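Asker: Below: one structure in structure tokens.
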Amino acid sequence: MDESSKPTTDRAVPGFDASVAGKRAECDGGGPILGTRYAGRQEFTGTLSGEFVDHGDPPWRWYLLKDLERKPDNYADECVWCESGSVFLVDEPNRVPGRP
């Protein structure tokens, strides 16, 4: 895993959520458009590892999505950290649990 893609903060608290581990999920967010000052929508589909990081105060929860089936063309990593509010289970109608 590329450590540069992991959310950073002074109060990062890692954890593991077995209830989502191994489930297929989608997440979306924004990312820089190379060569511009703008950002664009990025969409990912993969498998939740179960790993999460709570960071900030109040804490934001970020889940690790790995084994990516769908990612932006210029995205080189095989995993991405996704904010919990942007994670949706593919095979189940429920959203991934939110803030701790």
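Chain lettering (A, B, ...) mirrors the order of the structure tokens, residue numbering begins at 1 for each chain separately, and ligand numbering begins at 1 in order of display.
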Residues near Ala21 (chain A), anyone? I mean within 9 Å using only C-alpha atoms, not counting same-chain ones fewer than 3 positions away, as a list in words.
Answerer: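 The neighbour list is Phe16, Asp17, Ala18, Arg24, Thr47, Leu48, Ser49, Gly50 and Glu51 of chain A.
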Asker: If you run DSSP on the backbone here, which positions in chain A get helix (DSSP H, G or I)? Please write them as a PyMOL selection string.
Answerer: chain A and resi 3-5+84-86
Asker: Those same residues, written as a PDB file, in the first residue's frame with C-alpha atoms?
Answerer:
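Here's the written file result_4.pdb:
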```
ATOM      1  CA  GLU A   3       1.498   5.310   2.450  1.00  0.00           C
ATOM      2  CA  SER A   4       1.109   8.651   0.664  1.00  0.00           C
ATOM      3  CA  SER A   5      -2.534   7.838  -0.090  1.00  0.00           C
ATOM      4  CA  SER A  84     -17.189   6.804   4.970  1.00  0.00           C
ATOM      5  CA  GLY A  85     -19.965   9.038   3.628  1.00  0.00           C
ATOM      6  CA  SER A  86     -18.813   8.299   0.072  1.00  0.00           C
TER       7      SER A  86
END
```
Asker: Using only C-alpha atoms, which residues sit within 12 Å of Val80 (chain A) once same-chain residues fewer than 2 positions away are excluded, as a ChimeraX atom specification?
Answerer: /A:1-7,25-29,31,42-49,51-52,62-72,75-78,82-83,87
Asker: Could you save the residues just selected, with C-alpha atoms, as a tab-separated table (two decimals), in the first residue's frame?
Answerer:
```tsv
chain	number	residue	atom	x	y	z
A	1	MET	CA	0.00	0.00	0.00
A	2	ASP	CA	1.23	3.46	-0.86
A	3	GLU	CA	1.50	5.31	2.45
A	4	SER	CA	1.11	8.65	0.66
A	5	SER	CA	-2.53	7.84	-0.09
A	6	LYS	CA	-3.35	7.25	3.59
A	7	PRO	CA	-5.13	10.10	5.40
A	25	ALA	CA	-18.02	-1.33	-2.54
A	26	GLU	CA	-17.97	1.82	-4.60
A	27	CYS	CA	-16.70	5.19	-3.52
A	28	ASP	CA	-16.45	8.52	-5.19
A	29	GLY	CA	-14.65	11.70	-4.50
A	31	GLY	CA	-9.04	14.56	-7.23
A	42	GLN	CA	-13.14	10.14	-9.36
A	43	GLU	CA	-14.98	6.82	-9.00
A	44	PHE	CA	-13.63	3.57	-7.60
A	45	THR	CA	-14.96	0.02	-7.22
A	46	GLY	CA	-13.13	-2.62	-5.21
A	47	THR	CA	-13.13	-4.67	-2.02
A	48	LEU	CA	-13.18	-3.21	1.49
A	49	SER	CA	-10.25	-4.49	3.54
A	51	GLU	CA	-9.17	-1.36	7.81
A	52	PHE	CA	-10.18	2.16	8.75
A	62	TRP	CA	-11.82	6.60	6.16
A	63	TYR	CA	-12.05	3.00	4.85
A	64	LEU	CA	-9.43	1.24	2.75
A	65	LEU	CA	-10.75	0.00	-0.61
A	66	LYS	CA	-8.36	-2.44	-2.30
A	67	ASP	CA	-8.19	-4.77	-5.34
A	68	LEU	CA	-9.65	-1.98	-7.44
A	69	GLU	CA	-11.80	-3.09	-10.37
A	70	ARG	CA	-12.55	0.49	-11.43
A	71	LYS	CA	-10.36	3.54	-10.95
A	72	PRO	CA	-9.38	6.65	-12.92
A	75	TYR	CA	-4.56	6.39	-10.82
A	76	ALA	CA	-1.50	4.19	-10.25
A	77	ASP	CA	-2.26	2.64	-6.84
A	78	GLU	CA	-4.22	-0.58	-6.22
A	82	CYS	CA	-12.46	6.59	1.02
A	83	GLU	CA	-14.38	8.85	3.40
A	87	VAL	CA	-18.70	4.49	0.42
```
Asker: Separation of CA of Asp73 (chain A) and CA of Val90 (chain A), in Å?
Answerer: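 Atom-to-atom, CA of Asp73 (chain A) and CA of Val90 (chain A) are spaced 21.2 Å apart.
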Asker: Write out as a ChimeraX atom specification the residues lying within 7 Å of Gly30 (chain A), counting only C-alpha atoms and excluding same-chain residues fewer than 2 positions away.
Answerer: /A:39-42
Asker: Rounded to one decimal place, report the CA of Cys79 (chain A)-CA of Arg61 (chain A) distance in Å.
Answerer: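 For CA of Cys79 (chain A) relative to CA of Arg61 (chain A), the distance reads 16.2 Å.
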Asker: How would you write, as a PyMOL selection string, the set of residues in chain A that DSSP gives as strand (DSSP E)?
Answerer: chain A and resi 13-16+24-32+39-55+60-70+79-83+87-89
Asker: Pull C-alpha atoms from the residues just selected and write them as a JSON list (two decimals), in the first residue's frame.
Answerer:
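Written out: out_30.json:
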```json
[["chain", "number", "residue", "atom", "x", "y", "z"],
["A", 13, "VAL", "CA", -6.62, 6.19, 15.19],
["A", 14, "PRO", "CA", -6.49, 3.00, 13.08],
["A", 15, "GLY", "CA", -8.99, 0.19, 13.48],
["A", 16, "PHE", "CA", -10.62, -2.80, 11.82],
["A", 24, "ARG", "CA", -17.47, -5.07, -2.65],
["A", 25, "ALA", "CA", -18.02, -1.33, -2.54],
["A", 26, "GLU", "CA", -17.97, 1.82, -4.60],
["A", 27, "CYS", "CA", -16.70, 5.19, -3.52],
["A", 28, "ASP", "CA", -16.45, 8.52, -5.19],
["A", 29, "GLY", "CA", -14.65, 11.70, -4.50],
["A", 30, "GLY", "CA", -12.58, 14.40, -6.08],
["A", 31, "GLY", "CA", -9.04, 14.56, -7.23],
["A", 32, "PRO", "CA", -6.73, 16.96, -9.04],
["A", 39, "ALA", "CA", -10.38, 18.89, -9.53],
["A", 40, "GLY", "CA", -12.69, 16.33, -11.09],
["A", 41, "ARG", "CA", -14.87, 13.47, -9.97],
["A", 42, "GLN", "CA", -13.14, 10.14, -9.36],
["A", 43, "GLU", "CA", -14.98, 6.82, -9.00],
["A", 44, "PHE", "CA", -13.63, 3.57, -7.60],
["A", 45, "THR", "CA", -14.96, 0.02, -7.22],
["A", 46, "GLY", "CA", -13.13, -2.62, -5.21],
["A", 47, "THR", "CA", -13.13, -4.67, -2.02],
["A", 48, "LEU", "CA", -13.18, -3.21, 1.49],
["A", 49, "SER", "CA", -10.25, -4.49, 3.54],
["A", 50, "GLY", "CA", -11.96, -3.75, 6.85],
["A", 51, "GLU", "CA", -9.17, -1.36, 7.81],
["A", 52, "PHE", "CA", -10.18, 2.16, 8.75],
["A", 53, "VAL", "CA", -8.62, 5.29, 10.14],
["A", 54, "ASP", "CA", -10.46, 7.81, 12.30],
["A", 55, "HIS", "CA", -8.77, 11.17, 12.19],
["A", 60, "TRP", "CA", -13.73, 11.41, 10.17],
["A", 61, "ARG", "CA", -13.68, 7.73, 9.29],
["A", 62, "TRP", "CA", -11.82, 6.60, 6.16],
["A", 63, "TYR", "CA", -12.05, 3.00, 4.85],
["A", 64, "LEU", "CA", -9.43, 1.24, 2.75],
["A", 65, "LEU", "CA", -10.75, 0.00, -0.61],
["A", 66, "LYS", "CA", -8.36, -2.44, -2.30],
["A", 67, "ASP", "CA", -8.19, -4.77, -5.34],
["A", 68, "LEU", "CA", -9.65, -1.98, -7.44],
["A", 69, "GLU", "CA", -11.80, -3.09, -10.37],
["A", 70, "ARG", "CA", -12.55, 0.49, -11.43],
["A", 79, "CYS", "CA", -5.97, 0.83, -3.15],
["A", 80, "VAL", "CA", -7.59, 4.07, -2.04],
["A", 81, "TRP", "CA", -8.79, 5.55, 1.25],
["A", 82, "CYS", "CA", -12.46, 6.59, 1.02],
["A", 83, "GLU", "CA", -14.38, 8.85, 3.40],
["A", 87, "VAL", "CA", -18.70, 4.49, 0.42],
["A", 88, "PHE", "CA", -21.60, 2.36, -0.83],
["A", 89, "LEU", "CA", -21.83, -1.43, -0.68]]
```
